[in-house]
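Source file: my_file_39.txt; contents: compact mmCIF, N, CA and C atoms.
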```txt
# COMPACT_ATOMS: atom_id res chain seq x y z
N MET A 1 0.84 -1.18 0.00
CA MET A 1 0.00 0.00 0.00
C MET A 1 0.89 1.24 0.00
N THR A 2 0.76 2.07 -1.01
CA THR A 2 1.53 3.30 -1.09
C THR A 2 0.87 4.39 -0.25
N LEU A 3 1.66 5.01 0.61
CA LEU A 3 1.17 6.08 1.48
C LEU A 3 1.43 7.43 0.85
N GLU A 4 0.60 8.40 1.15
CA GLU A 4 0.81 9.77 0.68
C GLU A 4 1.96 10.39 1.48
N VAL A 5 2.90 11.00 0.80
CA VAL A 5 3.99 11.69 1.46
C VAL A 5 3.56 13.13 1.72
N ILE A 6 3.57 13.51 2.99
CA ILE A 6 3.17 14.85 3.43
C ILE A 6 4.17 15.86 2.88
N GLN A 7 3.67 16.98 2.38
CA GLN A 7 4.54 17.99 1.79
C GLN A 7 4.86 19.12 2.77
N PHE A 8 5.96 19.81 2.49
CA PHE A 8 6.45 20.91 3.31
C PHE A 8 5.32 21.87 3.66
N GLY A 9 5.32 22.31 4.90
CA GLY A 9 4.31 23.25 5.37
C GLY A 9 3.26 22.60 6.25
N GLU A 10 3.13 21.28 6.19
CA GLU A 10 2.15 20.58 7.02
C GLU A 10 2.64 20.54 8.46
N PRO A 11 1.77 20.87 9.43
CA PRO A 11 2.17 20.94 10.84
C PRO A 11 2.79 19.65 11.40
N VAL A 12 2.40 18.49 10.91
CA VAL A 12 2.93 17.23 11.44
C VAL A 12 4.44 17.14 11.26
N LEU A 13 4.99 17.82 10.26
CA LEU A 13 6.43 17.77 10.01
C LEU A 13 7.23 18.51 11.08
N ARG A 14 6.58 19.35 11.87
CA ARG A 14 7.25 20.10 12.93
C ARG A 14 7.02 19.51 14.32
N LYS A 15 6.19 18.48 14.41
CA LYS A 15 5.90 17.87 15.71
C LYS A 15 7.06 17.02 16.18
N LYS A 16 7.24 16.99 17.51
CA LYS A 16 8.25 16.11 18.10
C LYS A 16 7.71 14.69 18.03
N GLY A 17 8.56 13.77 17.60
CA GLY A 17 8.15 12.38 17.48
C GLY A 17 8.02 11.69 18.83
N ARG A 18 7.00 10.87 18.95
CA ARG A 18 6.81 10.08 20.17
C ARG A 18 7.73 8.87 20.14
N LYS A 19 8.30 8.56 21.29
CA LYS A 19 9.17 7.39 21.43
C LYS A 19 8.34 6.12 21.26
N ILE A 20 8.89 5.14 20.59
CA ILE A 20 8.23 3.86 20.37
C ILE A 20 8.68 2.91 21.47
N SER A 21 7.70 2.30 22.15
CA SER A 21 8.04 1.37 23.22
C SER A 21 7.73 -0.08 22.85
N ASN A 22 6.93 -0.28 21.80
CA ASN A 22 6.55 -1.64 21.43
C ASN A 22 6.45 -1.73 19.91
N PHE A 23 7.26 -2.59 19.33
CA PHE A 23 7.19 -2.81 17.88
C PHE A 23 6.25 -3.98 17.64
N ASP A 24 5.00 -3.67 17.33
CA ASP A 24 3.97 -4.70 17.17
C ASP A 24 3.61 -4.87 15.69
N ALA A 25 2.62 -5.69 15.40
CA ALA A 25 2.21 -5.97 14.02
C ALA A 25 1.74 -4.70 13.31
N ARG A 26 1.06 -3.82 14.03
CA ARG A 26 0.59 -2.57 13.41
C ARG A 26 1.76 -1.70 12.97
N LEU A 27 2.78 -1.62 13.80
CA LEU A 27 3.96 -0.82 13.46
C LEU A 27 4.74 -1.48 12.32
N ALA A 28 4.81 -2.80 12.33
CA ALA A 28 5.48 -3.51 11.23
C ALA A 28 4.76 -3.26 9.92
N SER A 29 3.44 -3.22 9.96
CA SER A 29 2.64 -2.93 8.76
C SER A 29 2.91 -1.51 8.26
N LEU A 30 3.00 -0.55 9.19
CA LEU A 30 3.33 0.83 8.81
C LEU A 30 4.71 0.88 8.18
N ALA A 31 5.69 0.20 8.77
CA ALA A 31 7.06 0.20 8.23
C ALA A 31 7.09 -0.39 6.83
N ASN A 32 6.34 -1.45 6.60
CA ASN A 32 6.29 -2.05 5.26
C ASN A 32 5.65 -1.11 4.25
N ALA A 33 4.57 -0.43 4.65
CA ALA A 33 3.92 0.54 3.76
C ALA A 33 4.85 1.72 3.48
N MET A 34 5.60 2.16 4.50
CA MET A 34 6.57 3.24 4.30
C MET A 34 7.66 2.82 3.32
N LEU A 35 8.13 1.58 3.45
CA LEU A 35 9.15 1.08 2.53
C LEU A 35 8.64 1.08 1.10
N GLU A 36 7.44 0.58 0.91
CA GLU A 36 6.85 0.56 -0.43
C GLU A 36 6.73 1.98 -0.98
N SER A 37 6.28 2.91 -0.15
CA SER A 37 6.13 4.30 -0.58
C SER A 37 7.47 4.91 -0.94
N MET A 38 8.48 4.66 -0.10
CA MET A 38 9.82 5.20 -0.35
C MET A 38 10.35 4.70 -1.69
N GLN A 39 10.11 3.45 -1.99
CA GLN A 39 10.57 2.89 -3.25
C GLN A 39 9.79 3.44 -4.43
N VAL A 40 8.48 3.61 -4.29
CA VAL A 40 7.66 4.18 -5.37
C VAL A 40 8.12 5.59 -5.70
N TYR A 41 8.44 6.38 -4.66
CA TYR A 41 8.87 7.77 -4.87
C TYR A 41 10.37 7.90 -5.08
N ASP A 42 11.09 6.76 -5.19
CA ASP A 42 12.52 6.73 -5.48
C ASP A 42 13.35 7.46 -4.42
N GLY A 43 13.01 7.21 -3.14
CA GLY A 43 13.75 7.81 -2.05
C GLY A 43 14.74 6.84 -1.45
N ILE A 44 15.64 7.38 -0.61
CA ILE A 44 16.58 6.52 0.12
C ILE A 44 16.29 6.56 1.61
N GLY A 45 15.35 7.40 2.01
CA GLY A 45 14.97 7.48 3.42
C GLY A 45 13.58 8.09 3.54
N LEU A 46 12.86 7.68 4.58
CA LEU A 46 11.52 8.21 4.82
C LEU A 46 11.23 8.12 6.30
N ALA A 47 10.85 9.24 6.90
CA ALA A 47 10.48 9.29 8.31
C ALA A 47 8.97 9.15 8.45
N ALA A 48 8.54 8.59 9.57
CA ALA A 48 7.11 8.41 9.81
C ALA A 48 6.36 9.74 9.76
N HIS A 49 7.00 10.82 10.19
CA HIS A 49 6.38 12.14 10.10
C HIS A 49 5.93 12.45 8.68
N GLN A 50 6.72 12.00 7.71
CA GLN A 50 6.44 12.31 6.30
C GLN A 50 5.22 11.58 5.76
N VAL A 51 4.70 10.63 6.53
CA VAL A 51 3.45 9.97 6.15
C VAL A 51 2.37 10.24 7.20
N GLY A 52 2.58 11.31 7.97
CA GLY A 52 1.56 11.78 8.91
C GLY A 52 1.57 11.13 10.28
N LYS A 53 2.63 10.41 10.63
CA LYS A 53 2.72 9.72 11.92
C LYS A 53 3.89 10.28 12.73
N PRO A 54 3.63 11.14 13.72
CA PRO A 54 4.71 11.74 14.50
C PRO A 54 5.28 10.79 15.56
N ILE A 55 5.99 9.76 15.07
CA ILE A 55 6.65 8.79 15.95
C ILE A 55 8.10 8.66 15.50
N LYS A 56 8.94 8.13 16.37
CA LYS A 56 10.38 8.01 16.10
C LYS A 56 10.67 6.74 15.31
N LEU A 57 10.36 6.79 14.05
CA LEU A 57 10.57 5.67 13.12
C LEU A 57 10.99 6.24 11.78
N CYS A 58 12.04 5.68 11.21
CA CYS A 58 12.40 6.05 9.85
C CYS A 58 12.97 4.81 9.14
N LEU A 59 12.84 4.82 7.84
CA LEU A 59 13.39 3.75 7.02
C LEU A 59 14.49 4.31 6.15
N VAL A 60 15.51 3.49 5.93
CA VAL A 60 16.66 3.88 5.13
C VAL A 60 17.00 2.73 4.20
N ASP A 61 17.32 3.06 2.96
CA ASP A 61 17.81 2.05 2.03
C ASP A 61 18.91 2.70 1.20
N MET A 62 20.15 2.44 1.58
CA MET A 62 21.30 3.08 0.95
C MET A 62 21.84 2.31 -0.24
N ARG A 63 21.18 1.24 -0.64
CA ARG A 63 21.69 0.46 -1.78
C ARG A 63 21.72 1.30 -3.05
N VAL A 64 20.73 2.13 -3.27
CA VAL A 64 20.70 2.99 -4.45
C VAL A 64 21.80 4.04 -4.36
N ALA A 65 21.96 4.64 -3.18
CA ALA A 65 23.00 5.66 -2.99
C ALA A 65 24.38 5.07 -3.20
N GLN A 66 24.59 3.83 -2.79
CA GLN A 66 25.90 3.21 -2.94
C GLN A 66 26.27 3.07 -4.42
N ARG A 67 25.28 2.83 -5.26
CA ARG A 67 25.56 2.71 -6.70
C ARG A 67 25.89 4.05 -7.32
N ARG A 68 25.38 5.15 -6.72
CA ARG A 68 25.58 6.48 -7.30
C ARG A 68 26.85 7.16 -6.81
N GLU A 69 27.32 6.81 -5.62
CA GLU A 69 28.44 7.54 -5.03
C GLU A 69 29.19 6.65 -4.05
N VAL A 70 30.28 7.19 -3.55
CA VAL A 70 31.05 6.47 -2.54
C VAL A 70 30.26 6.52 -1.24
N PHE A 71 30.07 5.37 -0.65
CA PHE A 71 29.31 5.26 0.60
C PHE A 71 30.02 4.24 1.47
N ASN A 72 30.49 4.67 2.61
CA ASN A 72 31.20 3.79 3.51
C ASN A 72 30.35 3.59 4.76
N TYR A 73 30.34 2.39 5.30
CA TYR A 73 29.53 2.10 6.48
C TYR A 73 30.17 0.98 7.30
N ILE A 74 29.86 0.98 8.57
CA ILE A 74 30.23 -0.10 9.48
C ILE A 74 28.99 -0.36 10.32
N TYR A 75 28.63 -1.62 10.47
CA TYR A 75 27.48 -2.00 11.27
C TYR A 75 27.95 -2.92 12.39
N ASP A 76 27.79 -2.43 13.62
CA ASP A 76 28.16 -3.22 14.79
C ASP A 76 29.62 -3.70 14.71
N GLY A 77 30.50 -2.80 14.23
CA GLY A 77 31.92 -3.10 14.17
C GLY A 77 32.38 -3.89 12.96
N LYS A 78 31.45 -4.23 12.08
CA LYS A 78 31.78 -5.04 10.90
C LYS A 78 31.24 -4.36 9.64
N LYS A 79 31.60 -4.91 8.48
CA LYS A 79 31.11 -4.39 7.21
C LYS A 79 30.46 -5.54 6.42
N PRO A 80 29.25 -5.95 6.83
CA PRO A 80 28.56 -7.01 6.08
C PRO A 80 28.06 -6.47 4.75
N PRO A 81 27.73 -7.34 3.81
CA PRO A 81 27.17 -6.85 2.53
C PRO A 81 25.93 -5.98 2.80
N LEU A 82 25.84 -4.88 2.11
CA LEU A 82 24.75 -3.93 2.32
C LEU A 82 23.38 -4.60 2.10
N GLU A 83 23.33 -5.59 1.23
CA GLU A 83 22.07 -6.28 0.96
C GLU A 83 21.54 -7.00 2.20
N LEU A 84 22.42 -7.33 3.15
CA LEU A 84 21.98 -7.97 4.39
C LEU A 84 21.37 -6.98 5.37
N LEU A 85 21.72 -5.71 5.24
CA LEU A 85 21.26 -4.68 6.17
C LEU A 85 20.06 -3.88 5.67
N MET A 86 20.00 -3.70 4.39
CA MET A 86 19.02 -2.77 3.81
C MET A 86 17.87 -3.52 3.16
N PRO A 87 16.69 -2.94 3.24
CA PRO A 87 16.34 -1.70 3.92
C PRO A 87 16.38 -1.88 5.43
N LEU A 88 16.55 -0.76 6.12
CA LEU A 88 16.72 -0.77 7.56
C LEU A 88 15.67 0.12 8.21
N ALA A 89 14.95 -0.42 9.18
CA ALA A 89 13.98 0.36 9.96
C ALA A 89 14.68 0.81 11.24
N LEU A 90 14.72 2.10 11.47
CA LEU A 90 15.37 2.65 12.66
C LEU A 90 14.28 3.08 13.65
N ILE A 91 14.27 2.44 14.82
CA ILE A 91 13.30 2.75 15.86
C ILE A 91 14.01 3.59 16.92
N ASN A 92 13.44 4.73 17.25
CA ASN A 92 14.02 5.65 18.24
C ASN A 92 15.49 5.97 17.93
N PRO A 93 15.80 6.37 16.68
CA PRO A 93 17.21 6.60 16.33
C PRO A 93 17.80 7.81 17.04
N LYS A 94 19.09 7.70 17.34
CA LYS A 94 19.86 8.82 17.90
C LYS A 94 21.12 8.95 17.06
N ILE A 95 21.36 10.15 16.56
CA ILE A 95 22.52 10.41 15.71
C ILE A 95 23.59 11.13 16.50
N GLU A 96 24.82 10.63 16.38
CA GLU A 96 25.97 11.25 17.02
C GLU A 96 26.95 11.64 15.92
N PHE A 97 27.36 12.90 15.92
CA PHE A 97 28.33 13.37 14.94
C PHE A 97 29.73 13.00 15.43
N LEU A 98 30.55 12.44 14.54
CA LEU A 98 31.90 12.03 14.87
C LEU A 98 32.88 12.86 14.07
N GLY A 99 33.78 13.50 14.75
CA GLY A 99 34.77 14.32 14.06
C GLY A 99 34.19 15.66 13.64
N LYS A 100 35.04 16.47 13.04
CA LYS A 100 34.63 17.82 12.64
C LYS A 100 34.56 17.98 11.13
N LYS A 101 34.99 16.97 10.37
CA LYS A 101 35.00 17.06 8.92
C LYS A 101 33.58 17.01 8.38
N GLU A 102 33.29 17.91 7.44
CA GLU A 102 31.97 17.97 6.82
C GLU A 102 32.09 17.81 5.31
N THR A 103 31.00 17.40 4.70
CA THR A 103 30.95 17.17 3.26
C THR A 103 29.74 17.88 2.68
N LEU A 104 29.93 18.50 1.52
CA LEU A 104 28.84 19.18 0.82
C LEU A 104 28.32 18.26 -0.28
N ARG A 105 27.02 17.96 -0.23
CA ARG A 105 26.41 17.08 -1.23
C ARG A 105 25.03 17.58 -1.60
N GLU A 106 24.63 17.24 -2.81
CA GLU A 106 23.28 17.59 -3.22
C GLU A 106 22.30 16.62 -2.57
N GLU A 107 21.21 17.18 -2.03
CA GLU A 107 20.18 16.37 -1.40
C GLU A 107 18.82 16.82 -1.86
N GLY A 108 17.89 15.92 -1.74
CA GLY A 108 16.48 16.22 -1.95
C GLY A 108 15.69 15.66 -0.79
N CYS A 109 14.41 15.89 -0.78
CA CYS A 109 13.54 15.41 0.29
C CYS A 109 12.19 15.07 -0.32
N LEU A 110 11.65 13.91 0.03
CA LEU A 110 10.36 13.52 -0.53
C LEU A 110 9.24 14.46 -0.10
N SER A 111 9.44 15.21 0.99
CA SER A 111 8.43 16.18 1.44
C SER A 111 8.62 17.56 0.83
N CYS A 112 9.62 17.72 0.00
CA CYS A 112 9.88 18.96 -0.73
C CYS A 112 10.11 18.58 -2.19
N SER A 113 9.07 18.12 -2.81
CA SER A 113 9.17 17.59 -4.18
C SER A 113 9.88 18.53 -5.13
N ASP A 114 10.77 17.94 -5.92
CA ASP A 114 11.48 18.64 -6.99
C ASP A 114 12.38 19.78 -6.52
N ILE A 115 12.74 19.80 -5.24
CA ILE A 115 13.67 20.81 -4.73
C ILE A 115 14.93 20.07 -4.29
N TYR A 116 16.07 20.51 -4.82
CA TYR A 116 17.35 19.92 -4.47
C TYR A 116 18.30 21.05 -4.11
N GLY A 117 19.24 20.76 -3.21
CA GLY A 117 20.20 21.78 -2.83
C GLY A 117 21.44 21.17 -2.25
N GLU A 118 22.50 21.96 -2.22
CA GLU A 118 23.76 21.53 -1.64
C GLU A 118 23.64 21.69 -0.12
N ILE A 119 23.88 20.60 0.60
CA ILE A 119 23.75 20.58 2.06
C ILE A 119 25.08 20.16 2.66
N LEU A 120 25.52 20.90 3.68
CA LEU A 120 26.75 20.57 4.40
C LEU A 120 26.39 19.65 5.56
N ARG A 121 26.95 18.45 5.55
CA ARG A 121 26.66 17.43 6.57
C ARG A 121 27.96 16.90 7.16
N PRO A 122 27.91 16.41 8.40
CA PRO A 122 29.10 15.75 8.95
C PRO A 122 29.48 14.57 8.08
N GLU A 123 30.77 14.37 7.90
CA GLU A 123 31.21 13.26 7.05
C GLU A 123 31.03 11.92 7.73
N THR A 124 31.12 11.89 9.07
CA THR A 124 31.00 10.63 9.80
C THR A 124 30.00 10.79 10.94
N ILE A 125 29.07 9.84 11.00
CA ILE A 125 28.09 9.83 12.09
C ILE A 125 27.99 8.41 12.66
N ARG A 126 27.41 8.32 13.83
CA ARG A 126 27.04 7.03 14.43
C ARG A 126 25.55 7.12 14.72
N VAL A 127 24.82 6.07 14.35
CA VAL A 127 23.40 6.03 14.61
C VAL A 127 23.13 4.85 15.53
N LYS A 128 22.50 5.15 16.67
CA LYS A 128 22.06 4.09 17.58
C LYS A 128 20.55 4.01 17.49
N PHE A 129 20.06 2.79 17.49
CA PHE A 129 18.61 2.61 17.38
C PHE A 129 18.19 1.33 18.06
```
Would you mind writing the file's structure down as C-alpha cells?
Amino acid sequence: MTLEVIQFGEPVLRKKGRKISNFDARLASLANAMLESMQVYDGIGLAAHQVGKPIKLCLVDMRVAQRREVFNYIYDGKKPPLELLMPLALINPKIEFLGKKETLREEGCLSCSDIYGEILRPETIRVKF
C-alpha cells in the first residue's frame, strides 16, 4: 500500500516524534507501507512524520545511494554486505556526529518535491537505534 507523502508546510512535520516502546504488528505494517512508498517515490529514506505519523521511526535504504556515489559504512563493528542490512527500519534513532570534517552534497527530500540543494553534513556519524 503506497502512502501519501506529506509535503512541506504541514504541521505534522514540525511535531516532536513520540518514542516507540513496542514494535507490534501494526507498526510492522506501517514500516512495510513506508518502505513501499519510499521505493515508489525513489527515495533513500523516509520518516514516519512524512506519512503523517509523528513517531520516532524512519526507514533507510542506501543500496541505491551506494551505486551512485562512494558510501562507507560499518554496522556493529563489521562491514557485512549492504544487501543484508538494507532496507533498515530505525526505531528511536539517535545520531551522534563524529569528528569535525563535513561534506557538501546535493540532497532532496520527498516532502519537498522537486527541490534539491547543496547541504553541508558531517562526514561521519554514528546512529544508535
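Nearest to Gly43 in chain A of all the residues A:Cys58, A:Ile115, A:Leu110, A:Leu85 is A:Leu110, counting only N, CA and C atoms.
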Which polymer residues, whether protein, DNA or RNA, lie within 5 Å of the coordinate (9.1, 3.4, 8.9) when you count only N, CA and C atoms? List them as a PDB file with N, CA and C atoms, in the coordinates of the input, using the chain letters and numbers from the file.
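The result, stored in out-v2.pdb:
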```pdb
ATOM      1  N   ALA A  31       5.690   0.200   8.770  1.00  0.00           N
ATOM      2  CA  ALA A  31       7.060   0.200   8.230  1.00  0.00           C
ATOM      3  C   ALA A  31       7.090  -0.390   6.830  1.00  0.00           C
ATOM      4  N   LEU A  57      10.360   6.790  14.050  1.00  0.00           N
ATOM      5  CA  LEU A  57      10.570   5.670  13.120  1.00  0.00           C
ATOM      6  C   LEU A  57      10.990   6.240  11.780  1.00  0.00           C
ATOM      7  N   CYS A  58      12.040   5.680  11.210  1.00  0.00           N
ATOM      8  CA  CYS A  58      12.400   6.050   9.850  1.00  0.00           C
ATOM      9  C   CYS A  58      12.970   4.810   9.140  1.00  0.00           C
ATOM     10  N   LEU A  59      12.840   4.820   7.840  1.00  0.00           N
ATOM     11  CA  LEU A  59      13.390   3.750   7.020  1.00  0.00           C
ATOM     12  C   LEU A  59      14.490   4.310   6.150  1.00  0.00           C
TER      13      LEU A  59
END
```
Pick from A:Glu83, A:Leu3, A:Asp76, A:Ala89, whichever lies nearest to Ala33 in chain A using only N, CA and C atoms:
A:Leu3
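Between Met34 in chain A and the residues A:Glu106, A:Lys56, A:Lys16, A:Thr2, the shortest atom-to-atom distance, using only N, CA and C atoms, involves A:Thr2.
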Using only N, CA and C atoms, can you list as a PDB file with N, CA and C atoms, keeping the file's coordinate frame the residues within 8 Å of (16.1, 6.1, 12.4)?
```pdb
ATOM      1  N   ALA A  47      10.850   9.240   6.900  1.00  0.00           N
ATOM      2  CA  ALA A  47      10.480   9.290   8.310  1.00  0.00           C
ATOM      3  C   ALA A  47       8.970   9.150   8.450  1.00  0.00           C
ATOM      4  N   LYS A  56       8.940   8.130  16.370  1.00  0.00           N
ATOM      5  CA  LYS A  56      10.380   8.010  16.100  1.00  0.00           C
ATOM      6  C   LYS A  56      10.670   6.740  15.310  1.00  0.00           C
ATOM      7  N   LEU A  57      10.360   6.790  14.050  1.00  0.00           N
ATOM      8  CA  LEU A  57      10.570   5.670  13.120  1.00  0.00           C
ATOM      9  C   LEU A  57      10.990   6.240  11.780  1.00  0.00           C
ATOM     10  N   CYS A  58      12.040   5.680  11.210  1.00  0.00           N
ATOM     11  CA  CYS A  58      12.400   6.050   9.850  1.00  0.00           C
ATOM     12  C   CYS A  58      12.970   4.810   9.140  1.00  0.00           C
ATOM     13  N   LEU A  59      12.840   4.820   7.840  1.00  0.00           N
ATOM     14  CA  LEU A  59      13.390   3.750   7.020  1.00  0.00           C
ATOM     15  C   LEU A  59      14.490   4.310   6.150  1.00  0.00           C
ATOM     16  N   VAL A  60      15.510   3.490   5.930  1.00  0.00           N
ATOM     17  CA  VAL A  60      16.660   3.880   5.130  1.00  0.00           C
ATOM     18  C   VAL A  60      17.000   2.730   4.200  1.00  0.00           C
ATOM     19  N   LEU A  88      16.550  -0.760   6.120  1.00  0.00           N
ATOM     20  CA  LEU A  88      16.720  -0.770   7.560  1.00  0.00           C
ATOM     21  C   LEU A  88      15.670   0.120   8.210  1.00  0.00           C
ATOM     22  N   ALA A  89      14.950  -0.420   9.180  1.00  0.00           N
ATOM     23  CA  ALA A  89      13.980   0.360   9.960  1.00  0.00           C
ATOM     24  C   ALA A  89      14.680   0.810  11.240  1.00  0.00           C
ATOM     25  N   LEU A  90      14.720   2.100  11.470  1.00  0.00           N
ATOM     26  CA  LEU A  90      15.370   2.650  12.660  1.00  0.00           C
ATOM     27  C   LEU A  90      14.280   3.080  13.650  1.00  0.00           C
ATOM     28  N   ILE A  91      14.270   2.440  14.820  1.00  0.00           N
ATOM     29  CA  ILE A  91      13.300   2.750  15.860  1.00  0.00           C
ATOM     30  C   ILE A  91      14.010   3.590  16.920  1.00  0.00           C
ATOM     31  N   ASN A  92      13.440   4.730  17.250  1.00  0.00           N
ATOM     32  CA  ASN A  92      14.020   5.650  18.240  1.00  0.00           C
ATOM     33  C   ASN A  92      15.490   5.970  17.930  1.00  0.00           C
ATOM     34  N   PRO A  93      15.800   6.370  16.680  1.00  0.00           N
ATOM     35  CA  PRO A  93      17.210   6.600  16.330  1.00  0.00           C
ATOM     36  C   PRO A  93      17.800   7.810  17.040  1.00  0.00           C
ATOM     37  N   LYS A  94      19.090   7.700  17.340  1.00  0.00           N
ATOM     38  CA  LYS A  94      19.860   8.820  17.900  1.00  0.00           C
ATOM     39  C   LYS A  94      21.120   8.950  17.060  1.00  0.00           C
ATOM     40  N   ILE A  95      21.360  10.150  16.560  1.00  0.00           N
ATOM     41  CA  ILE A  95      22.520  10.410  15.710  1.00  0.00           C
ATOM     42  C   ILE A  95      23.590  11.130  16.500  1.00  0.00           C
ATOM     43  N   VAL A 127      24.820   6.070  14.350  1.00  0.00           N
ATOM     44  CA  VAL A 127      23.400   6.030  14.610  1.00  0.00           C
ATOM     45  C   VAL A 127      23.130   4.850  15.530  1.00  0.00           C
ATOM     46  N   LYS A 128      22.500   5.150  16.670  1.00  0.00           N
ATOM     47  CA  LYS A 128      22.060   4.090  17.580  1.00  0.00           C
ATOM     48  C   LYS A 128      20.550   4.010  17.490  1.00  0.00           C
ATOM     49  N   PHE A 129      20.060   2.790  17.490  1.00  0.00           N
ATOM     50  CA  PHE A 129      18.610   2.610  17.380  1.00  0.00           C
ATOM     51  C   PHE A 129      18.190   1.330  18.060  1.00  0.00           C
TER      52      PHE A 129
END
```
All helix (DSSP H, G or I) residues (DSSP, backbone) inside range 55-128 of chain A, as a PyMOL selection string
chain A and resi 63-68+82-85
Just write the chosen residues, N, CA and C atoms, as an mmCIF file, in the frame of the given file.
```cif
data_model
loop_
_atom_site.group_PDB
_atom_site.id
_atom_site.type_symbol
_atom_site.label_atom_id
_atom_site.label_comp_id
_atom_site.auth_asym_id
_atom_site.auth_seq_id
_atom_site.Cartn_x
_atom_site.Cartn_y
_atom_site.Cartn_z
ATOM 1 N N ARG A 63 21.180 1.240 -0.640
ATOM 2 C CA ARG A 63 21.690 0.460 -1.780
ATOM 3 C C ARG A 63 21.720 1.300 -3.050
ATOM 4 N N VAL A 64 20.730 2.130 -3.270
ATOM 5 C CA VAL A 64 20.700 2.990 -4.450
ATOM 6 C C VAL A 64 21.800 4.040 -4.360
ATOM 7 N N ALA A 65 21.960 4.640 -3.180
ATOM 8 C CA ALA A 65 23.000 5.660 -2.990
ATOM 9 C C ALA A 65 24.380 5.070 -3.200
ATOM 10 N N GLN A 66 24.590 3.830 -2.790
ATOM 11 C CA GLN A 66 25.900 3.210 -2.940
ATOM 12 C C GLN A 66 26.270 3.070 -4.420
ATOM 13 N N ARG A 67 25.280 2.830 -5.260
ATOM 14 C CA ARG A 67 25.560 2.710 -6.700
ATOM 15 C C ARG A 67 25.890 4.050 -7.320
ATOM 16 N N ARG A 68 25.380 5.150 -6.720
ATOM 17 C CA ARG A 68 25.580 6.480 -7.300
ATOM 18 C C ARG A 68 26.850 7.160 -6.810
ATOM 19 N N LEU A 82 25.840 -4.880 2.110
ATOM 20 C CA LEU A 82 24.750 -3.930 2.320
ATOM 21 C C LEU A 82 23.380 -4.600 2.100
ATOM 22 N N GLU A 83 23.330 -5.590 1.230
ATOM 23 C CA GLU A 83 22.070 -6.280 0.960
ATOM 24 C C GLU A 83 21.540 -7.000 2.200
ATOM 25 N N LEU A 84 22.420 -7.330 3.150
ATOM 26 C CA LEU A 84 21.980 -7.970 4.390
ATOM 27 C C LEU A 84 21.370 -6.980 5.370
ATOM 28 N N LEU A 85 21.720 -5.710 5.240
ATOM 29 C CA LEU A 85 21.260 -4.680 6.170
ATOM 30 C C LEU A 85 20.060 -3.880 5.670
#
```
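The space between atom N of Arg26 in chain A and atom C of Gly45 in chain A spans 20.2 Å.
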Taking the backbone alone, and naming residues the way the document does, which bits of range 1-57 of chain A are strand (DSSP E) by DSSP, as an MDAnalysis selection string?
chainID A and resid 45:47 57
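Our summary of the geometry notes that CA of Gly108 in chain A is positioned 9.9 Å from CA of Ile44 in chain A.
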When you get a chance, write out N, CA, C and O atoms for range 119-129 of chain A, as a PDB file, in the coordinates of the input.
```pdb
ATOM      1  N   ILE A 119      23.880  20.600   0.600  1.00  0.00           N
ATOM      2  CA  ILE A 119      23.750  20.580   2.060  1.00  0.00           C
ATOM      3  C   ILE A 119      25.080  20.160   2.660  1.00  0.00           C
ATOM      4  O   ILE A 119      25.693  19.183   2.228  1.00  0.00           O
ATOM      5  N   LEU A 120      25.520  20.900   3.680  1.00  0.00           N
ATOM      6  CA  LEU A 120      26.750  20.570   4.400  1.00  0.00           C
ATOM      7  C   LEU A 120      26.390  19.650   5.560  1.00  0.00           C
ATOM      8  O   LEU A 120      25.581  19.997   6.414  1.00  0.00           O
ATOM      9  N   ARG A 121      26.950  18.450   5.550  1.00  0.00           N
ATOM     10  CA  ARG A 121      26.660  17.430   6.570  1.00  0.00           C
ATOM     11  C   ARG A 121      27.960  16.900   7.160  1.00  0.00           C
ATOM     12  O   ARG A 121      28.993  16.896   6.479  1.00  0.00           O
ATOM     13  N   PRO A 122      27.910  16.410   8.400  1.00  0.00           N
ATOM     14  CA  PRO A 122      29.100  15.750   8.950  1.00  0.00           C
ATOM     15  C   PRO A 122      29.480  14.570   8.080  1.00  0.00           C
ATOM     16  O   PRO A 122      28.609  13.861   7.565  1.00  0.00           O
ATOM     17  N   GLU A 123      30.770  14.370   7.900  1.00  0.00           N
ATOM     18  CA  GLU A 123      31.210  13.260   7.050  1.00  0.00           C
ATOM     19  C   GLU A 123      31.030  11.920   7.730  1.00  0.00           C
ATOM     20  O   GLU A 123      30.770  10.902   7.081  1.00  0.00           O
ATOM     21  N   THR A 124      31.120  11.890   9.070  1.00  0.00           N
ATOM     22  CA  THR A 124      31.000  10.630   9.800  1.00  0.00           C
ATOM     23  C   THR A 124      30.000  10.790  10.940  1.00  0.00           C
ATOM     24  O   THR A 124      30.063  11.752  11.705  1.00  0.00           O
ATOM     25  N   ILE A 125      29.070   9.840  11.000  1.00  0.00           N
ATOM     26  CA  ILE A 125      28.090   9.830  12.090  1.00  0.00           C
ATOM     27  C   ILE A 125      27.990   8.410  12.660  1.00  0.00           C
ATOM     28  O   ILE A 125      28.422   7.445  12.035  1.00  0.00           O
ATOM     29  N   ARG A 126      27.410   8.320  13.830  1.00  0.00           N
ATOM     30  CA  ARG A 126      27.040   7.030  14.430  1.00  0.00           C
ATOM     31  C   ARG A 126      25.550   7.120  14.720  1.00  0.00           C
ATOM     32  O   ARG A 126      25.066   8.105  15.258  1.00  0.00           O
ATOM     33  N   VAL A 127      24.820   6.070  14.350  1.00  0.00           N
ATOM     34  CA  VAL A 127      23.400   6.030  14.610  1.00  0.00           C
ATOM     35  C   VAL A 127      23.130   4.850  15.530  1.00  0.00           C
ATOM     36  O   VAL A 127      23.501   3.709  15.221  1.00  0.00           O
ATOM     37  N   LYS A 128      22.500   5.150  16.670  1.00  0.00           N
ATOM     38  CA  LYS A 128      22.060   4.090  17.580  1.00  0.00           C
ATOM     39  C   LYS A 128      20.550   4.010  17.490  1.00  0.00           C
ATOM     40  O   LYS A 128      19.872   5.028  17.426  1.00  0.00           O
ATOM     41  N   PHE A 129      20.060   2.790  17.490  1.00  0.00           N
ATOM     42  CA  PHE A 129      18.610   2.610  17.380  1.00  0.00           C
ATOM     43  C   PHE A 129      18.190   1.330  18.060  1.00  0.00           C
ATOM     44  O   PHE A 129      19.004   0.487  18.358  1.00  0.00           O
TER      45      PHE A 129
END
```
